[in-house]
Structures are given as structure tokens and as C-alpha cells.
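Asks: One structure follows; several queries about it will come next.
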Amino acid sequence: MIVVASCGHHADDERIYYKQINAISKVGPIEYFTYNNLNVTINDDAINHHQINSNQCSKSKYKKKIFQFIRHNNPLILHIHDLELLPVAYKAKLNNNNIKIIYDVHEDLISMWDALSKYSGMIKKTINTILSKMELSYLKYVDCFILANKFADQSRYKKFGPVHIIQNFPINNYSYEQSNINKPYKLIYHGQLDYNRGIMTLINTFNRLSQKYNNLELKLVGQFRTPRMETDIKNVIIKNKNIKLIKHIPYNKIWPILYDSHIGVIPFHDMSVFQKNTPTKLFEFMATNCAVVSSNLQPICSVASESISFAHPNNEEALFSAIELYLNNTNIYKEHILLNQNMIKEKYNWKIEEKKLLNIYKNLIK
């Protein structure tokens with residue numbers, strides 16, 4: 001038996017459920033624990049899903065539920081997806097030294113804490129130092145680590161066990177036909193809507209582009225990180241009917257919207273969190289016939305340096321020119337799409353990463 005547990009992620013999270021759980025279900029039966037306020041239940045013969053409502057159960061009680069289950073059922077592996085569950089891993093290891101612990105870190109946490117903290121100055125530094133020390137105190141009980149990106153800080157974890165890179169490449173079930181449109185005009189951003197992700201830069205740039213190209217459309221798909229962000233965006237786009245806001249869409253329903261789009265935009269600012277993490281949306285754009293316009297950031301450049309239109313981060317003039325490259329050069333637009341599709345087919349797909357994940361499990365279960 002394998003226990004997979006998260007603390008805050010959607011039950012149908014694309015990485016945890018659609019990719020990883022669907023892969024490791026080939027190894028053995030899975031008990032899947034999730035904790036959020038959505039009450040989405042996974043109906044899947046391969047797993048037994050335990051959905052705990054965060055509005056009705058405290059986080060500490062949720063962790064106790066997981067540990068009690070582990071104590072009574074002695075699973076072979078506990079695969080955790082959040083820092084908050086490290087104490088559960090610690091107790092599980094003390095209870096049964098034979099259980100194998102996988103800590104799936106996802107993003108580079110140090111840079112993420114710095115970017116997303118609602119505090120500043122010494123308060124932020126103090127809180128982040130406490131979080132870092134807390135994480136480090138539990139790492140000696142972990143058997144192996146999984147990171148989603150090669151640019152994340154691996155040295156932090158290598159002191160305690162092997163580190164594996166399992167990237168968020170798309171599931172390889174897409175068509176690879178080149179787009180036959182005469183001229184691109186549908187732009188899309190999907191993901192969290194936040195200042196440091198360059199959303200205001202994108203909106204301001206699109207408003208200027210709309211004055212020159214009156215048929216352009218922009219879809220912003222995702223959740224607002226803060227109420228202030230929501231207010232600011234709505235105040236700016238109110239005069240432009242060609243910008244559409246779409247609430248967060250489940251992973252399995254985003255694909256028709258992506259396929260219907262022509263240009264995917266990643267306007268992130270130049271921050272440590274974006275220098276150490278590759279956005280999953282990059283590969284989703286590449287897989288769905290979208291040309292990619294992106295801030296010039298190392299993880300993105302390393303993926304497709306010759307087939308993306310790059311712009312200097314947080315620079316409206318640069319972003320304007322990067323988007324306009326595709327609007328005025330259909331041949332380059334189609335050429336880049338084809339190059340990106342071939343890379344998805346040959347090396348940036350989940351089939352390759354799945355093999356790595358299954359090897360991790362097979363080696364732990366030996």
C-alpha cells in the first residue's frame with residue numbers, strides 16, 4: 001500500500017493526481033489524502049480518496065488522521081506534497097522505521113516564501129528563517145526528495161538523501177498539427193493573477209496593442225492572489241471589452257481553451273522564484289499550438305531558446321515588441337509552433353518523467 005498526502009492542493013491537482021497518482025497506481029493500491037475546502041471527490045478504482053474539508057477539520061486533526069491511518073495499516077511508502085506534512089512523516093518513521101518517505105517539494109521553497117510573503121523587512125526574514133529551520137529539522141527522516149525543476153536548490157536536500165528531478169511536462173496525448181490560421185489574434189495567460197507575475201504589465205501592453213490591432217483578444221484565466229489584485233485588474237480592463245476574465249478552470253477542462261488560443265504569454269518579473277522554477281504553463285502552451293511570448297528568464301530560456309519570443313521582464317515596450325513579432329510574421333509564428341510541438345513530442349512529455357517516477361518507487365520497494 002502507498003499513502004499519498006497533500007495539504008491544500010486541489011484533489012485533482014494536475015501534478016499530484018493526473019500525473020503522479022495515475023502513474024504509481026501501477027505499483028500498488030493507493031490511499032490518497034487531501035485537505036481543502038472544495039470537497040472534490042476523486043472517483044477512481046485505482047485509489048481510495050480521503051477528502052477532508054478544511055472548513056470542518058483543523059490542520060492538526062487532519063495530520064492526526066493521516067498518522068492514525070498509517071499506524072494501523074503500515075503502508076510501504078508515504079509520499080507527501082507539502083511542508084506541513086513533514087511532522088507526519090517524522091511520526092510515521094518513528095512508528096515504523098521500514099516505511100519509506102518521499103518528500104515532493106515541488107517549487108524552490110526559499111524563493112517562493114520570499115516572493116509570496118505578505119510581510120516585509122525583518123518580519124518576513126524572521127518568519128522565513130523559522131520555516132527554513134523547521135523544514136531542515138525533519139529532513140533526516142526522509143528517504144528521497146523530488147523536485148519539479150533542475151534550477152531549484154538541490155544542495156539543501158542532497159545532504160539528507162537522493163534528489164530526483166521530476167518535471168511538470170504535459171501528458172503526451174495531444175495532436176501535433178501545425179496551426180492553419182492566417183494571422184494570430186487570440187492571446188492567453190493562465191495561472192495565478194498577481195503583480196509579480198506581470199499581469200498589469202500584460203494588460204497595459206495589450207491595451208496599447210488593441211489600439212493598433214483592433215481584432216485582438218486576451219483571456220486571463222486564473223484566481224486573483226489578493227482582493228487588491230482583483231480590484232486593480234478590473235479597474236484597468238473595464239474599458240477594454242476584448243479582455244476576458246475567466247475564473248480558475250480544472251486541469252482537465254483548460255485544454256479546449258488553450259487549443260483555441262494562438263499566443264500564450266508568460267510576463268513574469270525577474271525574481272528569484274521565477275529564476276528557480278519553470279512554469280508548467282510553458283509546456284502546456286507548447287503542447288497546444290500556442291506560440292509563446294515570455295519574459296527572458298533562465299528556466300524558460302533553457303527549454304526553448306530559439307522558438308520563443310522573449311521580452312525583458314516588467315517592460316511594456318519589450319513585451320509589445322515580442323507579441324508584435326508574431327502578429328506581423330505569420331511564418332515565424334508557425335515555425336516556432338512546429339519547433340515547440342516537436343520538442344514536446346520528443347523530450348518534454350510526461351511519458352519520460354513517468355518512467356523516472358516509477359523507478360524511484362521500484363527502488364524504494366525492493
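Lettering and numbering for the C-alpha cells are positional, with chains as A, B, ... in the shown order, residues counted from 1 in each chain, and ligands counted from 1 in the shown order.
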Sort by chain and increasing residue number a table of all residues of region 71-171 of chain A within 12 Å of region 289-298 of chain A, each with its closest pair of atoms and their distance in Å to one decimal, counting only C-alpha atoms, and write it as JSON lines.

Replies:
{"residue": "A:Asn149", "atom": "CA", "partner": "A:Gln298", "partner_atom": "CA", "distance": 11.8}
{"residue": "A:Lys150", "atom": "CA", "partner": "A:Gln298", "partner_atom": "CA", "distance": 11.2}
{"residue": "A:Phe151", "atom": "CA", "partner": "A:Gln298", "partner_atom": "CA", "distance": 8.7}
{"residue": "A:Ala152", "atom": "CA", "partner": "A:Gln298", "partner_atom": "CA", "distance": 11.8}

Asks: When you look at Thr205 (chain A) with a cut-off of 8 Å (counting only C-alpha atoms), what residues show up, excluding the ones that are within fewer than 6 positions of it in the same chain? I need them as a list in words.

Replies: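 Counting only the stated atoms, we get Glu316, Glu317, Leu319 and Phe320 of chain A.
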
Asks: Those residues you just picked out, can you put them in a file as a CSV table (one decimal), in the first residue's frame with N, CA, C and O atoms?

Replies:
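In the end it all went to selection_33.csv:
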chain,number,residue,atom,x,y,z
A,316,GLU,N,7.0,47.2,-20.7
A,316,GLU,CA,5.9,47.2,-21.6
A,316,GLU,C,6.3,47.3,-23.1
A,316,GLU,O,5.8,46.6,-23.9
A,317,GLU,N,7.4,48.1,-23.3
A,317,GLU,CA,7.8,48.2,-24.7
A,317,GLU,C,8.4,46.9,-25.2
A,317,GLU,O,8.1,46.5,-26.4
A,319,LEU,N,7.6,43.9,-24.2
A,319,LEU,CA,6.5,42.9,-24.3
A,319,LEU,C,5.7,43.2,-25.6
A,319,LEU,O,5.3,42.3,-26.3
A,320,PHE,N,5.5,44.5,-25.8
A,320,PHE,CA,4.8,45.0,-27.0
A,320,PHE,C,5.5,44.4,-28.2
A,320,PHE,O,4.8,43.8,-29.1

Asks: Which of these residues is nearest to Val303 (chain A), using only C-alpha atoms: A:Lys239, A:Tyr195, A:Gln167, A:Ile127?

Replies: A:Gln167

Asks: Provide the CA of Phe274 (chain A) to CA of Ile199 (chain A) distance in Å, to one decimal place.

Replies: 14.4 Å

Asks: At what distance in Å, to one decimal, does CA of Ile47 (chain A) lie from CA of Ile21 (chain A)?

Replies: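 Answer for the CA of Ile21 (chain A) to CA of Ile47 (chain A) separation: 8.3 Å.
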
Asks: Once DSSP has gone over the backbone, tell me which residues of region 25-220 of chain A are in alpha helix (DSSP H), as a VMD selection string.

Replies: chain A and resid 59 to 73 86 to 95 109 to 116 121 to 138 155 to 158 199 to 212

Asks: Just how far from CA of His312 (chain A) is CA of Lys212 (chain A), in Å to one decimal?

Replies: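 The value is 21.5 Å.
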
Asks: Which is closer to His79 (chain A) than all the others in A:Glu107, A:Glu306, A:Glu31, A:Asp114, using only C-alpha atoms?

Replies: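 Nearest to His79 (chain A): A:Glu31.
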
Asks: Could you give me, as a ChimeraX atom specification, the residues within 9 Å of Lys247 (chain A), counting only C-alpha atoms and dropping anything in the same chain fewer than 4 positions from it?

Replies: /A:220-224

Asks: Would you save the residues of that selection, restricted to N, CA and C atoms, as a compact mmCIF listing (two decimals), in the first residue's frame?

Replies:
# COMPACT_ATOMS: atom_id res chain seq x y z
N LEU A 220 -7.63 36.07 -19.58
CA LEU A 220 -6.89 35.92 -18.33
C LEU A 220 -7.62 34.86 -17.50
N VAL A 221 -7.00 33.69 -17.37
CA VAL A 221 -7.65 32.56 -16.72
C VAL A 221 -6.93 32.26 -15.42
N GLY A 222 -7.64 32.35 -14.29
CA GLY A 222 -7.00 32.02 -13.02
C GLY A 222 -7.63 32.73 -11.84
N GLN A 223 -7.02 32.53 -10.69
CA GLN A 223 -7.51 33.11 -9.45
C GLN A 223 -6.69 34.34 -9.08
N PHE A 224 -7.34 35.35 -8.52
CA PHE A 224 -6.65 36.53 -8.00
C PHE A 224 -5.95 36.14 -6.70

Asks: Taking the DSSP secondary structure from the backbone, can you list the residues of region 233-303 of chain A that are strand (DSSP E), as a PDB file with C-alpha atoms, in the first residue's frame?

Replies:
ATOM      1  CA  ILE A 243     -10.091  41.302 -22.318  1.00  0.00           C
ATOM      2  CA  LYS A 244     -11.991  38.448 -20.701  1.00  0.00           C
ATOM      3  CA  LEU A 245     -11.550  37.280 -17.113  1.00  0.00           C
ATOM      4  CA  ILE A 246     -12.186  33.568 -16.565  1.00  0.00           C
ATOM      5  CA  ILE A 263      -0.289  33.080 -28.318  1.00  0.00           C
ATOM      6  CA  GLY A 264       0.428  32.163 -24.704  1.00  0.00           C
ATOM      7  CA  VAL A 265       2.041  34.894 -22.621  1.00  0.00           C
ATOM      8  CA  ILE A 266       4.294  34.447 -19.553  1.00  0.00           C
ATOM      9  CA  ALA A 291       3.274  30.331 -29.783  1.00  0.00           C
ATOM     10  CA  VAL A 292       4.966  31.547 -26.593  1.00  0.00           C
ATOM     11  CA  VAL A 293       5.833  35.097 -25.565  1.00  0.00           C
ATOM     12  CA  SER A 294       7.788  35.158 -22.327  1.00  0.00           C
ATOM     13  CA  SER A 295       9.970  37.184 -20.030  1.00  0.00           C
TER      14      SER A 295
END

Asks: Just the residues within 9 Å of region 206-208 of chain A, please, counting only C-alpha atoms, with nothing from its chain fewer than 3 positions along; format it as number ranges by chain.

Replies: A: 201-203, 211-213, 216-218, 237, 240, 243, 320

Asks: Could you save those same residues with N, CA, C and O atoms as a PDB file, in the first residue's frame?

Replies:
ATOM      1  N   THR A 201       1.505  44.497 -16.320  1.00  0.00           N
ATOM      2  CA  THR A 201       2.327  44.797 -17.493  1.00  0.00           C
ATOM      3  C   THR A 201       1.658  44.251 -18.749  1.00  0.00           C
ATOM      4  O   THR A 201       1.596  44.924 -19.787  1.00  0.00           O
ATOM      5  N   LEU A 202       1.149  43.031 -18.664  1.00  0.00           N
ATOM      6  CA  LEU A 202       0.469  42.415 -19.806  1.00  0.00           C
ATOM      7  C   LEU A 202      -0.785  43.192 -20.187  1.00  0.00           C
ATOM      8  O   LEU A 202      -1.023  43.465 -21.379  1.00  0.00           O
ATOM      9  N   ILE A 203      -1.595  43.568 -19.208  1.00  0.00           N
ATOM     10  CA  ILE A 203      -2.837  44.285 -19.508  1.00  0.00           C
ATOM     11  C   ILE A 203      -2.540  45.637 -20.142  1.00  0.00           C
ATOM     12  O   ILE A 203      -3.166  46.020 -21.151  1.00  0.00           O
ATOM     13  N   GLN A 211      -5.085  49.226 -29.643  1.00  0.00           N
ATOM     14  CA  GLN A 211      -5.274  50.463 -30.404  1.00  0.00           C
ATOM     15  C   GLN A 211      -4.707  50.342 -31.807  1.00  0.00           C
ATOM     16  O   GLN A 211      -5.167  51.012 -32.742  1.00  0.00           O
ATOM     17  N   LYS A 212      -3.717  49.475 -31.971  1.00  0.00           N
ATOM     18  CA  LYS A 212      -3.089  49.282 -33.276  1.00  0.00           C
ATOM     19  C   LYS A 212      -3.688  48.105 -34.035  1.00  0.00           C
ATOM     20  O   LYS A 212      -3.799  48.132 -35.267  1.00  0.00           O
ATOM     21  N   TYR A 213      -4.088  47.053 -33.293  1.00  0.00           N
ATOM     22  CA  TYR A 213      -4.674  45.846 -33.887  1.00  0.00           C
ATOM     23  C   TYR A 213      -6.041  45.644 -33.227  1.00  0.00           C
ATOM     24  O   TYR A 213      -6.132  45.068 -32.138  1.00  0.00           O
ATOM     25  N   LEU A 216      -7.695  42.032 -31.694  1.00  0.00           N
ATOM     26  CA  LEU A 216      -7.034  41.195 -30.689  1.00  0.00           C
ATOM     27  C   LEU A 216      -7.972  40.819 -29.541  1.00  0.00           C
ATOM     28  O   LEU A 216      -8.872  41.582 -29.174  1.00  0.00           O
ATOM     29  N   GLU A 217      -7.712  39.633 -28.975  1.00  0.00           N
ATOM     30  CA  GLU A 217      -8.437  39.178 -27.791  1.00  0.00           C
ATOM     31  C   GLU A 217      -7.422  38.698 -26.751  1.00  0.00           C
ATOM     32  O   GLU A 217      -6.377  38.165 -27.102  1.00  0.00           O
ATOM     33  N   LEU A 218      -7.756  38.904 -25.484  1.00  0.00           N
ATOM     34  CA  LEU A 218      -6.913  38.414 -24.393  1.00  0.00           C
ATOM     35  C   LEU A 218      -7.775  37.739 -23.344  1.00  0.00           C
ATOM     36  O   LEU A 218      -8.723  38.339 -22.835  1.00  0.00           O
ATOM     37  N   ILE A 237      -9.179  46.912 -16.854  1.00  0.00           N
ATOM     38  CA  ILE A 237      -9.728  46.276 -18.058  1.00  0.00           C
ATOM     39  C   ILE A 237     -11.156  46.699 -18.363  1.00  0.00           C
ATOM     40  O   ILE A 237     -11.696  46.323 -19.403  1.00  0.00           O
ATOM     41  N   ASN A 240     -11.839  47.921 -21.829  1.00  0.00           N
ATOM     42  CA  ASN A 240     -11.428  47.092 -22.970  1.00  0.00           C
ATOM     43  C   ASN A 240     -12.262  45.811 -22.983  1.00  0.00           C
ATOM     44  O   ASN A 240     -12.020  44.889 -22.221  1.00  0.00           O
ATOM     45  N   ILE A 243     -10.748  42.065 -23.387  1.00  0.00           N
ATOM     46  CA  ILE A 243     -10.091  41.302 -22.318  1.00  0.00           C
ATOM     47  C   ILE A 243     -11.174  40.573 -21.526  1.00  0.00           C
ATOM     48  O   ILE A 243     -12.121  41.190 -21.035  1.00  0.00           O
ATOM     49  N   PHE A 320       5.495  44.514 -25.800  1.00  0.00           N
ATOM     50  CA  PHE A 320       4.778  44.956 -27.003  1.00  0.00           C
ATOM     51  C   PHE A 320       5.474  44.411 -28.249  1.00  0.00           C
ATOM     52  O   PHE A 320       4.846  43.815 -29.134  1.00  0.00           O
TER      53      PHE A 320
END

Asks: When you count only C-alpha atoms, which of these residues is closest to Leu85 (chain A): A:Ala304, A:Ile337, A:Leu116, A:Met134?

Replies: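 Closest to Leu85 (chain A) of all the choices is A:Met134.
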
Asks: Name all residues at most 6 Å from His106 (chain A) (count only C-alpha atoms; drop same-chain ones fewer than 2 positions away) and give them as a PDB file with N, CA, C and O atoms, in the first residue's frame.

Replies:
ATOM      1  N   ASP A 104       7.971  15.430  -1.722  1.00  0.00           N
ATOM      2  CA  ASP A 104       7.824  16.057  -3.042  1.00  0.00           C
ATOM      3  C   ASP A 104       7.747  17.562  -2.824  1.00  0.00           C
ATOM      4  O   ASP A 104       6.714  18.098  -2.433  1.00  0.00           O
ATOM      5  N   LEU A 147      12.067  17.084  -6.759  1.00  0.00           N
ATOM      6  CA  LEU A 147      11.911  18.485  -7.125  1.00  0.00           C
ATOM      7  C   LEU A 147      11.336  18.563  -8.535  1.00  0.00           C
ATOM      8  O   LEU A 147      11.547  17.656  -9.351  1.00  0.00           O
ATOM      9  N   ALA A 148      10.632  19.648  -8.823  1.00  0.00           N
ATOM     10  CA  ALA A 148       9.995  19.789 -10.132  1.00  0.00           C
ATOM     11  C   ALA A 148      10.865  20.552 -11.114  1.00  0.00           C
ATOM     12  O   ALA A 148      10.452  20.742 -12.268  1.00  0.00           O
TER      13      ALA A 148
END

Asks: Counting only C-alpha atoms, figure out which residue out of A:Ile146, A:Ile99, A:Ala311, A:Ala5 gets nearest to Leu86 (chain A).

Replies: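 Selected residue with least distance to Leu86 (chain A): A:Ala5.
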
Asks: With only C-alpha atoms as the basis for distance, which of A:Ile130, A:Ile101, A:Ser54, A:His262 is at the shortest distance from Phe160 (chain A)?

Replies: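 Result for the nearest residue to Phe160 (chain A): A:Ile101.
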
Asks: Env of Leu78 (chain A): 7 Å cut, atoms = only C-alpha atoms, seq-sep filter 6 positions within chain, self excluded. Answer as a ChimeraX atom specification.

Replies: /A:2-4,100-102

Asks: Restricting the output to all heavy atoms, write the selected residues as a tab-separated table (two decimals), in the first residue's frame.

Replies:
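Here's the written file out23.tsv:
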chain	number	residue	atom	x	y	z
A	2	ILE	N	0.39	2.29	-0.71
A	2	ILE	CA	1.08	3.58	-0.79
A	2	ILE	C	0.13	4.66	-0.30
A	2	ILE	O	-1.04	4.70	-0.70
A	2	ILE	CB	1.49	3.88	-2.25
A	2	ILE	CG1	2.48	2.82	-2.74
A	2	ILE	CG2	2.08	5.28	-2.37
A	2	ILE	CD1	2.63	2.78	-4.25
A	3	VAL	N	0.61	5.52	0.56
A	3	VAL	CA	-0.17	6.69	1.01
A	3	VAL	C	0.40	7.94	0.35
A	3	VAL	O	1.60	8.21	0.45
A	3	VAL	CB	-0.14	6.84	2.55
A	3	VAL	CG1	-0.80	8.15	2.95
A	3	VAL	CG2	-0.85	5.66	3.20
A	4	VAL	N	-0.46	8.68	-0.34
A	4	VAL	CA	-0.10	9.97	-0.93
A	4	VAL	C	-0.91	11.03	-0.21
A	4	VAL	O	-2.14	10.90	-0.09
A	4	VAL	CB	-0.40	10.00	-2.44
A	4	VAL	CG1	-0.05	11.37	-3.02
A	4	VAL	CG2	0.38	8.91	-3.17
A	100	LYS	N	9.05	4.00	3.86
A	100	LYS	CA	9.86	4.89	3.04
A	100	LYS	C	9.12	6.22	2.85
A	100	LYS	O	7.94	6.23	2.51
A	100	LYS	CB	10.17	4.26	1.69
A	100	LYS	CG	10.88	2.91	1.77
A	100	LYS	CD	12.22	3.03	2.47
A	100	LYS	CE	12.94	1.67	2.50
A	100	LYS	NZ	14.22	1.75	3.24
A	101	ILE	N	9.84	7.31	3.06
A	101	ILE	CA	9.25	8.65	2.97
A	101	ILE	C	9.76	9.36	1.72
A	101	ILE	O	10.97	9.49	1.52
A	101	ILE	CB	9.59	9.51	4.21
A	101	ILE	CG1	9.21	8.78	5.50
A	101	ILE	CG2	8.90	10.86	4.11
A	101	ILE	CD1	7.75	8.51	5.67
A	102	ILE	N	8.81	9.82	0.88
A	102	ILE	CA	9.14	10.66	-0.27
A	102	ILE	C	8.62	12.07	0.02
A	102	ILE	O	7.43	12.25	0.32
A	102	ILE	CB	8.50	10.15	-1.57
A	102	ILE	CG1	8.99	8.74	-1.91
A	102	ILE	CG2	8.80	11.11	-2.73
A	102	ILE	CD1	8.30	8.12	-3.12

Asks: Would you list the contacts of Asn22 (chain A) as a count of residues only, taking every protein, DNA or RNA residue within 12 Å and counting only C-alpha atoms, but skipping same-chain residues closer than 5 positions in sequence?

Replies: 23

Asks: Which one of A:Thr288, A:Ser305, A:Asn48, A:Thr34 sits closest to Asp260 (chain A) if you count only C-alpha atoms?

Replies: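 Among A:Thr288, A:Ser305, A:Asn48, A:Thr34, it is A:Thr288 that comes nearest to Asp260 (chain A).
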